[in-house]
Amino acid sequence: MELTYAPELEAYRAEAAGWLHSQLSGSFAHLRGVSDHVTQIPERRAWEAALGQAGWSCVGWPAAFGGRDASIAEQVIFAEEYARAGGPERIGHIGVELAGPTLLAFGDADQKARLLPDIAAGRSIWCQGYSEPNAGSDLAAVRTRAWREGETYRIEGQKIWTSMGAIADWCFVLCRTEPGSVGPKGLSFLLVRMDQPGVTVRPIRQMTGESEFCEVFFDGAIAQADDRVGAEGDGWRVAMGLLAFERGVSTLGQQMRFRTELDEIIALAKANGAARDALIRQRLVTADTGLKVMRLHALRMLSGEPGALGPEALTYKLFWSNWRRDLGELAMAVGGREAELAVAGGGFSPLTHMFLMSRADTIYAGTNEIQRNLIAERGLGLPREARG
Amino acid sequence: MDVSLSEDQRLIGESVRGYLAEHAGPEQLRKAVEDGQAFAPSLWRGLTQDLGLVGLMAPEALGGAGLGARDMALVLEALGERLAPAPFFETAVLALPALLALARPDQVERWAAPLVAGERRACLAFADAQGRPDLDALEAQLTTTPTGWRLDGRSRFVSGLPASDLVLVVARHPDEGLSLLALPLPAAGVTALSVPSLDPTRPMGELAFDAVEVSADDIVGAAGQARKALHDVLATAAALLAAEAVGVAQACLDMTLAYVQERKQFGRTIGSFQAVKHALADMVADIEAARSAALYGVLAIDQGGPDASAAASASLAWCLDAAKRCAGQAIQLHGGVGFTWEHLAHLYFKRAWSNATFLGAPERHREHVAARMGLDATAPSSEPH
């Protein structure tokens, strides 16, 4: 059965697919299927620039800022075709999916004009200064502080789990501007340039062996007062608005990548005989149906009242992250000992890498435990957890 | 593809729910279960004569509504929420579609029309000796006689039999293949027994056939031609049982949510404890996934095509497992009271489990999907080394 999001948009799909295939089998063929965020950085920057040049970097943004005014369905279609074409993981995704939409929603006219075109053109790479050693799920506990000095802010503190911190040009930093404030009050949302003496980045090696995320230390770092998004003390509202983008429709396009991963596992199971095991077959079918479930979740979300958050949307993060974690375990069951072997040049096969990476899916963008709180409290109206 | 409900579909769901709230409440359910047949005549009249639901997928010429599986799924979800005591699934989803797929015009008039009108209730006997829907292993045997045929053997695990007055029996003939027989009860040579079983809300029975004389009139359509139609009927039924399972799971969540908001321990409602909240959140995620899986199944059936049967099986396997989990959690989260006969939780639990064998187990349906996916089923060596 064909479950296309929007048959009337086939021309749009064809245009996107055509451009992506020509690029990824032409001058960017070496980036096809690259699934990390840390290798070939100069080439990856060139790729971001090429996407920007052709207008495919931020399709959902207004044309005035380098986008295409794409509808949600068109955004999902582009993300699907991107995955289908084997587009590399985007090192620009924090700017494209988080910083940009936040500026569009909360930034002033000057900020939009100054900052958005560079993101859309692939000229600026962004990272996210949210989590701290003592502020993870409890984000409102951030202690990084900033104070006003003339037309600038000075920043002191430490951020952690900062993806792309080592290569980013900009960081958006949630910090405390009201001394003595606690919780969500007294926070501000500052945009900080990374190439300055007050910023030190230390990569953190993760369980894949790569260093995709970092610790970022601010030691008297400077942010321009013009680069504060929202009013001073109103940073929590901006930060929460951004989280909605992180958990929202932007994740639908990844289903195509999941499809590719599952197809690889199915092909491997047929090739190496794992599919002769009834339990493996059962798990492969369950994974396949789970992907159909995600597809229908997406169709339900796109068919719903605009702006309304249905229960399928509220449960989507919990669902897909558990599904992917199961997929990683299935990949290892199908791959057997062969999957444990390092590949030439170091690292692991793509499926083994996926297995390891999938352990992060149930943590980032709200852990499973936080997701369950949200479902119980917002979806079912059960009493809220005690908060600090 | 827009999957939102049309206005008409919204109305179907609302009108059925409204009707059931009044006529299939907890007291009516308890009473029907204690009566042993899980059949409330007034409810049946309402579902058939007032609401016209049995014929929802039947042609308009027959008094039906000519709608599709997605529309029928809305009805079944609502019936599942209430465990409505009526052989509706057996009549409307199994028997009537089988008749409509195979019957000659005179047989449509004779057998199908009374079902649509609510004058008869019917069930379909399609299971093998172990209750599996294995059409190659049926115990009902047809043999040729000088004047026609005779039927011997038996049909076990016939859901809906106790409340039915028409049975459709799938029978094997050694040379002709599968035939569908229409036998109004009582019939000479046919013994119909009620068989007490796990799920009192969907009672089953057993048929024994002792040299039953069968004429061409009794065979629905042409002799030996039933296989393809039965496969199609059972595929559609799989997608629709998935929808019913979603209703069962949703009702389990609803009753549990109400309970944890009212029950207090340690001076707080138990719904304020994170362990309880998270269990409920998992039920929500489970049910929403099942809702999408069920939607996948009925959309595939309505679209048709070579993948429809596998999609229905995938959908059913998924939703059966979800309903079992949710029904189990409903009992757990109710504590001791959830284990009692008085509470309704056990009826939902039993329905969730009996649904998981009604049209074949989830594992069996997943094997069907696996075959469709080209996964090799050659048995491996049983030795670990």
# chains A, B, ... in the order shown; residues from 1 in each chain; ligands from 1
>>> closest_atom_pairs(of="chain A", to="chain B", cutoff="7 Å", atoms="only C-alpha atoms", output="tab-separated table")
residue	atom	partner	partner_atom	distance
A:Met1	CA	B:Ala300	CA	5.9
A:Leu3	CA	B:Met1	CA	6.8
A:Thr4	CA	B:Met1	CA	5.8
A:Tyr5	CA	B:Met1	CA	4.8
A:Ala6	CA	B:Met1	CA	5.0
A:Pro7	CA	B:Met1	CA	6.8
A:Lys270	CA	B:Leu375	CA	6.4
A:Ala275	CA	B:Asp376	CA	5.8
A:Arg276	CA	B:Ala377	CA	5.3
A:Asp277	CA	B:Pro380	CA	6.5
A:Arg281	CA	B:Ala370	CA	6.3
A:Gln282	CA	B:Arg366	CA	6.0
A:Val285	CA	B:Ala370	CA	6.1
A:Thr289	CA	B:Ala314	CA	6.1
A:Val293	CA	B:Ala293	CA	5.2
A:Leu296	CA	B:Ser292	CA	5.3
A:His297	CA	B:Ser292	CA	6.0
A:Leu299	CA	B:Val3	CA	6.4
A:Arg300	CA	B:Val3	CA	6.1
A:Ser303	CA	B:Asp2	CA	5.3
A:Gly304	CA	B:Ser4	CA	6.6
A:Pro311	CA	B:Glu288	CA	6.8
A:Glu312	CA	B:Glu288	CA	5.6
A:Thr315	CA	B:Ala285	CA	5.3
A:Phe319	CA	B:Ala285	CA	6.8
A:Arg372	CA	B:Ala281	CA	5.3
A:Asn373	CA	B:His278	CA	6.7
A:Ile375	CA	B:Ala281	CA	5.5
A:Ala376	CA	B:Ala281	CA	5.2
A:Leu382	CA	B:Gly271	CA	6.2
A:Pro383	CA	B:Ser272	CA	5.2
>>> write_last_selection(atoms="C-alpha atoms", output="PDB file, in the first residue's frame")
ATOM      1  CA  MET A   1       0.000   0.000   0.000  1.00  0.00           C
ATOM      2  CA  LEU A   3       1.155   5.723   2.161  1.00  0.00           C
ATOM      3  CA  THR A   4       2.348   8.935   0.613  1.00  0.00           C
ATOM      4  CA  TYR A   5       1.999  12.099   2.622  1.00  0.00           C
ATOM      5  CA  ALA A   6       0.668  14.224  -0.172  1.00  0.00           C
ATOM      6  CA  PRO A   7       0.237  12.824  -3.693  1.00  0.00           C
ATOM      7  CA  LYS A 270      18.348 -13.196   4.326  1.00  0.00           C
ATOM      8  CA  ALA A 275      16.070 -15.248   8.944  1.00  0.00           C
ATOM      9  CA  ARG A 276      15.836 -19.036   9.281  1.00  0.00           C
ATOM     10  CA  ASP A 277      15.338 -18.429  13.001  1.00  0.00           C
ATOM     11  CA  ARG A 281      11.640 -13.380  11.748  1.00  0.00           C
ATOM     12  CA  GLN A 282       9.127 -12.357  14.404  1.00  0.00           C
ATOM     13  CA  VAL A 285       8.172  -8.281  11.261  1.00  0.00           C
ATOM     14  CA  THR A 289       5.133  -3.006  11.547  1.00  0.00           C
ATOM     15  CA  VAL A 293       2.973   2.634  12.866  1.00  0.00           C
ATOM     16  CA  LEU A 296       0.582   6.374  10.265  1.00  0.00           C
ATOM     17  CA  HIS A 297       1.481   8.491  13.294  1.00  0.00           C
ATOM     18  CA  LEU A 299      -0.051  10.898   8.593  1.00  0.00           C
ATOM     19  CA  ARG A 300      -2.287  11.446  11.609  1.00  0.00           C
ATOM     20  CA  SER A 303      -3.935  15.388   8.971  1.00  0.00           C
ATOM     21  CA  GLY A 304      -4.769  16.848  12.373  1.00  0.00           C
ATOM     22  CA  PRO A 311      -1.895  11.914  21.564  1.00  0.00           C
ATOM     23  CA  GLU A 312       0.014  10.398  18.664  1.00  0.00           C
ATOM     24  CA  THR A 315       3.842   9.810  22.341  1.00  0.00           C
ATOM     25  CA  PHE A 319       7.725   5.467  20.431  1.00  0.00           C
ATOM     26  CA  ARG A 372       6.473   9.589  30.276  1.00  0.00           C
ATOM     27  CA  ASN A 373       6.023  12.463  32.709  1.00  0.00           C
ATOM     28  CA  ILE A 375       2.404  12.053  28.564  1.00  0.00           C
ATOM     29  CA  ALA A 376       0.999  11.423  32.038  1.00  0.00           C
ATOM     30  CA  LEU A 382      -2.239  13.326  36.297  1.00  0.00           C
ATOM     31  CA  PRO A 383      -0.564  15.350  39.069  1.00  0.00           C
TER      32      PRO A 383
END
>>> atom_distance(atom1="CA of Asp288 in chain A", atom2="CA of Leu262 in chain A")
7.4 Å
>>> atom_distance(atom1="CA of Ala298 in chain A", atom2="CA of Ala313 in chain A")
8.2 Å
>>> residues_around(residues="Gly129 in chain A", least_positions_apart="6", cutoff="8 Å", atoms="only C-alpha atoms", output="PyMOL selection string")
chain A and resi 159-160+162+171-174
>>> select_by_dssp(residues="range 138-299 of chain A", states="strand (DSSP E or B)", output="PyMOL selection string")
chain A and resi 145-149+152-163+170-176+187-193+199-204+213-224+228-229+234
>>> residues_around(residues="Val167 in chain B", least_positions_apart="5", cutoff="9 Å", atoms="only C-alpha atoms", output="ChimeraX atom specification")
/B:95,121-125,161,181-185
>>> atom_distance(atom1="CA of Leu99 in chain B", atom2="CA of Ala61 in chain B")
15.0 Å
>>> residues_around(residues="range 216-226 of chain B", least_positions_apart="6", cutoff="9 Å", atoms="only C-alpha atoms", output="number ranges by chain")
B: 98-99, 101-104, 107, 148-149, 168, 170, 172-173, 175-183
>>> closest_residue(among="A:Asn322, A:Thr260, A:Thr367, A:Asn134", to="Glu81 in chain A", atoms="only C-alpha atoms")
A:Thr260
>>> select_by_dssp(residues="range 137-375 of chain A", states="alpha helix (DSSP H)", output="ChimeraX atom specification")
/A:235-246,255-272,278-303,311-314,316-335,350-361,368-374
>>> residues_around(residues="range 62-71 of chain A", least_positions_apart="6", cutoff="10 Å", atoms="only C-alpha atoms", output="CSV table (one decimal) with N, CA and C atoms, in the first residue's frame")
chain,number,residue,atom,x,y,z
A,12,TYR,N,7.1,18.3,-6.4
A,12,TYR,CA,8.1,18.9,-5.4
A,12,TYR,C,9.1,17.8,-5.0
A,52,GLY,N,22.5,25.3,0.7
A,52,GLY,CA,22.1,26.7,0.9
A,52,GLY,C,22.0,27.4,-0.5
A,53,GLN,N,23.0,27.2,-1.3
A,53,GLN,CA,23.1,27.8,-2.6
A,53,GLN,C,21.8,27.4,-3.5
A,54,ALA,N,21.5,26.2,-3.4
A,54,ALA,CA,20.3,25.7,-4.2
A,54,ALA,C,19.0,25.9,-3.5
A,55,GLY,N,19.0,26.5,-2.3
A,55,GLY,CA,17.7,26.7,-1.6
A,55,GLY,C,17.1,25.5,-0.9
A,56,TRP,N,17.9,24.5,-0.7
A,56,TRP,CA,17.4,23.3,0.0
A,56,TRP,C,17.9,23.1,1.4
A,77,ILE,N,8.6,15.8,3.1
A,77,ILE,CA,9.0,15.1,1.9
A,77,ILE,C,10.5,15.4,1.6
A,78,PHE,N,10.9,16.6,1.8
A,78,PHE,CA,12.4,16.9,1.6
A,78,PHE,C,13.2,16.0,2.5
A,100,GLY,N,17.4,28.5,14.0
A,100,GLY,CA,16.6,29.3,13.0
A,100,GLY,C,15.2,29.4,13.4
A,104,LEU,N,13.1,32.8,14.2
A,104,LEU,CA,11.9,33.1,13.5
A,104,LEU,C,10.7,33.4,14.4
A,112,LYS,N,17.0,38.5,12.9
A,112,LYS,CA,16.6,37.7,11.8
A,112,LYS,C,17.4,38.0,10.5
A,113,ALA,N,17.5,39.3,10.3
A,113,ALA,CA,18.2,39.8,9.1
A,113,ALA,C,19.7,39.5,9.2
A,114,ARG,N,20.3,39.6,10.4
A,114,ARG,CA,21.7,39.4,10.5
A,114,ARG,C,22.1,37.9,10.5
A,115,LEU,N,21.2,37.1,11.2
A,115,LEU,CA,21.7,35.7,11.5
A,115,LEU,C,21.1,34.6,10.6
A,116,LEU,N,19.8,34.8,10.2
A,116,LEU,CA,19.2,33.7,9.4
A,116,LEU,C,19.8,33.4,8.1
A,117,PRO,N,20.2,34.5,7.3
A,117,PRO,CA,20.8,34.1,6.0
A,117,PRO,C,22.0,33.3,6.0
A,118,ASP,N,22.8,33.6,7.1
A,118,ASP,CA,24.1,32.8,7.2
A,118,ASP,C,23.8,31.3,7.5
A,119,ILE,N,22.8,31.1,8.3
A,119,ILE,CA,22.4,29.7,8.6
A,119,ILE,C,21.9,29.0,7.3
A,120,ALA,N,21.0,29.7,6.6
A,120,ALA,CA,20.4,29.1,5.4
A,120,ALA,C,21.5,28.9,4.3
A,121,ALA,N,22.5,29.7,4.3
A,121,ALA,CA,23.6,29.6,3.3
A,121,ALA,C,24.6,28.6,3.7
>>> residues_around(residues="Ile331 in chain B", least_positions_apart="2", cutoff="10 Å", atoms="only C-alpha atoms", output="JSON list (two decimals) with N, CA and C atoms, in the first residue's frame")
[["chain", "number", "residue", "atom", "x", "y", "z"],
["B", 252, "CYS", "N", -9.46, -0.22, 28.86],
["B", 252, "CYS", "CA", -8.59, -0.58, 29.99],
["B", 252, "CYS", "C", -7.88, 0.66, 30.53],
["B", 256, "THR", "N", -8.63, 2.50, 34.21],
["B", 256, "THR", "CA", -7.47, 2.58, 35.10],
["B", 256, "THR", "C", -7.16, 4.03, 35.46],
["B", 326, "CYS", "N", -2.19, -3.97, 27.80],
["B", 326, "CYS", "CA", -3.01, -2.96, 28.48],
["B", 326, "CYS", "C", -3.99, -3.60, 29.45],
["B", 327, "ALA", "N", -4.57, -4.72, 29.05],
["B", 327, "ALA", "CA", -5.52, -5.40, 29.93],
["B", 327, "ALA", "C", -4.80, -5.94, 31.16],
["B", 328, "GLY", "N", -3.60, -6.44, 30.97],
["B", 328, "GLY", "CA", -2.82, -6.92, 32.11],
["B", 328, "GLY", "C", -2.46, -5.78, 33.05],
["B", 329, "GLN", "N", -2.08, -4.64, 32.49],
["B", 329, "GLN", "CA", -1.74, -3.49, 33.32],
["B", 329, "GLN", "C", -2.97, -2.94, 34.05],
["B", 333, "LEU", "N", -2.75, -2.34, 38.00],
["B", 333, "LEU", "CA", -2.85, -1.01, 38.58],
["B", 333, "LEU", "C", -4.12, -0.83, 39.43],
["B", 334, "HIS", "N", -5.08, -1.73, 39.25],
["B", 334, "HIS", "CA", -6.24, -1.71, 40.13],
["B", 334, "HIS", "C", -5.95, -2.42, 41.46],
["B", 335, "GLY", "N", -4.85, -3.13, 41.53],
["B", 335, "GLY", "CA", -4.56, -3.88, 42.75],
["B", 335, "GLY", "C", -5.59, -4.98, 42.95],
["B", 336, "GLY", "N", -5.84, -5.33, 44.23],
["B", 336, "GLY", "CA", -6.69, -6.47, 44.56],
["B", 336, "GLY", "C", -8.05, -6.43, 43.90],
["B", 337, "VAL", "N", -8.65, -5.25, 43.82],
["B", 337, "VAL", "CA", -10.01, -5.16, 43.29],
["B", 337, "VAL", "C", -10.04, -5.54, 41.80],
["B", 338, "GLY", "N", -8.91, -5.35, 41.13],
["B", 338, "GLY", "CA", -8.83, -5.71, 39.72],
["B", 338, "GLY", "C", -8.84, -7.20, 39.48],
["B", 339, "PHE", "N", -8.60, -7.95, 40.55],
["B", 339, "PHE", "CA", -8.55, -9.41, 40.46],
["B", 339, "PHE", "C", -9.90, -10.04, 40.78],
["B", 340, "THR", "N", -10.88, -9.21, 41.16],
["B", 340, "THR", "CA", -12.16, -9.76, 41.61],
["B", 340, "THR", "C", -13.09, -10.03, 40.42],
["B", 343, "HIS", "N", -15.37, -6.82, 39.50],
["B", 343, "HIS", "CA", -14.82, -5.75, 38.66],
["B", 343, "HIS", "C", -14.80, -6.19, 37.20],
["B", 344, "LEU", "N", -14.94, -5.21, 36.30],
["B", 344, "LEU", "CA", -14.98, -5.56, 34.88],
["B", 344, "LEU", "C", -13.60, -5.87, 34.28],
["B", 345, "ALA", "N", -12.54, -5.55, 35.01],
["B", 345, "ALA", "CA", -11.20, -5.66, 34.42],
["B", 345, "ALA", "C", -10.94, -7.06, 33.85],
["B", 346, "HIS", "N", -11.42, -8.10, 34.57],
["B", 346, "HIS", "CA", -11.11, -9.45, 34.10],
["B", 346, "HIS", "C", -11.81, -9.77, 32.79],
["B", 348, "TYR", "N", -12.29, -7.66, 30.33],
["B", 348, "TYR", "CA", -11.44, -7.07, 29.27],
["B", 348, "TYR", "C", -10.18, -7.90, 29.07],
["B", 349, "PHE", "N", -9.62, -8.35, 30.19],
["B", 349, "PHE", "CA", -8.42, -9.19, 30.11],
["B", 349, "PHE", "C", -8.72, -10.47, 29.32]]
>>> decode(residues="range 288-324 of chain B", atoms="N, CA and C atoms", output="short mmCIF file (atom, residue, chain, number, x, y, z; two decimals), in the first residue's frame")
data_model
loop_
_atom_site.label_atom_id
_atom_site.label_comp_id
_atom_site.auth_asym_id
_atom_site.auth_seq_id
_atom_site.Cartn_x
_atom_site.Cartn_y
_atom_site.Cartn_z
N GLU B 288 -1.83 4.38 21.30
CA GLU B 288 -1.72 5.24 20.11
C GLU B 288 -1.01 4.51 18.99
N ALA B 289 -0.01 3.71 19.34
CA ALA B 289 0.66 2.91 18.31
C ALA B 289 -0.31 1.90 17.73
N ALA B 290 -1.11 1.26 18.60
CA ALA B 290 -2.09 0.29 18.11
C ALA B 290 -3.13 0.97 17.22
N ARG B 291 -3.51 2.18 17.60
CA ARG B 291 -4.47 2.93 16.79
C ARG B 291 -3.91 3.15 15.38
N SER B 292 -2.64 3.50 15.31
CA SER B 292 -2.03 3.70 13.99
C SER B 292 -1.90 2.37 13.25
N ALA B 293 -1.55 1.30 13.98
CA ALA B 293 -1.43 -0.02 13.34
C ALA B 293 -2.79 -0.46 12.80
N ALA B 294 -3.84 -0.24 13.57
CA ALA B 294 -5.18 -0.64 13.12
C ALA B 294 -5.59 0.18 11.89
N LEU B 295 -5.24 1.45 11.91
CA LEU B 295 -5.56 2.30 10.76
C LEU B 295 -4.82 1.81 9.51
N TYR B 296 -3.58 1.42 9.71
CA TYR B 296 -2.79 0.86 8.59
C TYR B 296 -3.52 -0.35 7.99
N GLY B 297 -4.02 -1.23 8.85
CA GLY B 297 -4.69 -2.44 8.38
C GLY B 297 -5.94 -2.14 7.57
N VAL B 298 -6.80 -1.28 8.11
CA VAL B 298 -8.07 -1.06 7.39
C VAL B 298 -7.86 -0.22 6.13
N LEU B 299 -6.90 0.68 6.14
CA LEU B 299 -6.61 1.44 4.92
C LEU B 299 -6.11 0.49 3.84
N ALA B 300 -5.27 -0.46 4.23
CA ALA B 300 -4.75 -1.43 3.26
C ALA B 300 -5.88 -2.28 2.70
N ILE B 301 -6.80 -2.71 3.57
CA ILE B 301 -7.93 -3.53 3.10
C ILE B 301 -8.79 -2.71 2.13
N ASP B 302 -9.06 -1.46 2.49
CA ASP B 302 -9.91 -0.65 1.61
C ASP B 302 -9.23 -0.34 0.28
N GLN B 303 -7.91 -0.21 0.30
CA GLN B 303 -7.19 0.04 -0.96
C GLN B 303 -7.07 -1.23 -1.79
N GLY B 304 -7.07 -2.39 -1.12
CA GLY B 304 -6.91 -3.65 -1.84
C GLY B 304 -5.47 -3.84 -2.27
N GLY B 305 -5.25 -4.77 -3.19
CA GLY B 305 -3.90 -5.01 -3.66
C GLY B 305 -3.25 -6.19 -2.99
N PRO B 306 -2.11 -6.62 -3.51
CA PRO B 306 -1.49 -7.87 -3.07
C PRO B 306 -0.96 -7.83 -1.64
N ASP B 307 -0.71 -6.64 -1.09
CA ASP B 307 -0.16 -6.56 0.26
C ASP B 307 -1.23 -6.44 1.34
N ALA B 308 -2.49 -6.38 0.94
CA ALA B 308 -3.54 -6.07 1.92
C ALA B 308 -3.62 -7.13 3.02
N SER B 309 -3.51 -8.39 2.64
CA SER B 309 -3.65 -9.46 3.63
C SER B 309 -2.49 -9.42 4.64
N ALA B 310 -1.27 -9.19 4.15
CA ALA B 310 -0.12 -9.10 5.06
C ALA B 310 -0.26 -7.88 5.96
N ALA B 311 -0.75 -6.78 5.40
CA ALA B 311 -0.94 -5.57 6.22
C ALA B 311 -1.95 -5.82 7.33
N ALA B 312 -3.02 -6.54 6.98
CA ALA B 312 -4.04 -6.86 7.99
C ALA B 312 -3.44 -7.74 9.08
N SER B 313 -2.64 -8.71 8.68
CA SER B 313 -2.01 -9.59 9.67
C SER B 313 -1.04 -8.82 10.56
N ALA B 314 -0.25 -7.95 9.95
CA ALA B 314 0.71 -7.15 10.74
C ALA B 314 -0.05 -6.29 11.74
N SER B 315 -1.11 -5.69 11.27
CA SER B 315 -1.93 -4.83 12.11
C SER B 315 -2.54 -5.62 13.27
N LEU B 316 -3.10 -6.79 12.95
CA LEU B 316 -3.76 -7.58 13.99
C LEU B 316 -2.74 -8.05 15.04
N ALA B 317 -1.61 -8.58 14.58
CA ALA B 317 -0.62 -9.09 15.53
C ALA B 317 -0.20 -7.98 16.50
N TRP B 318 0.01 -6.80 15.94
CA TRP B 318 0.44 -5.66 16.76
C TRP B 318 -0.63 -5.30 17.80
N CYS B 319 -1.88 -5.19 17.34
CA CYS B 319 -2.95 -4.72 18.23
C CYS B 319 -3.34 -5.76 19.27
N LEU B 320 -3.26 -7.03 18.91
CA LEU B 320 -3.56 -8.07 19.90
C LEU B 320 -2.57 -8.00 21.06
N ASP B 321 -1.30 -7.86 20.73
CA ASP B 321 -0.28 -7.79 21.79
C ASP B 321 -0.49 -6.54 22.65
N ALA B 322 -0.81 -5.43 22.01
CA ALA B 322 -1.03 -4.19 22.77
C ALA B 322 -2.21 -4.33 23.72
N ALA B 323 -3.28 -4.93 23.23
CA ALA B 323 -4.48 -5.09 24.07
C ALA B 323 -4.18 -6.01 25.26
N LYS B 324 -3.40 -7.06 25.02
CA LYS B 324 -3.04 -7.96 26.13
C LYS B 324 -2.23 -7.21 27.19
#
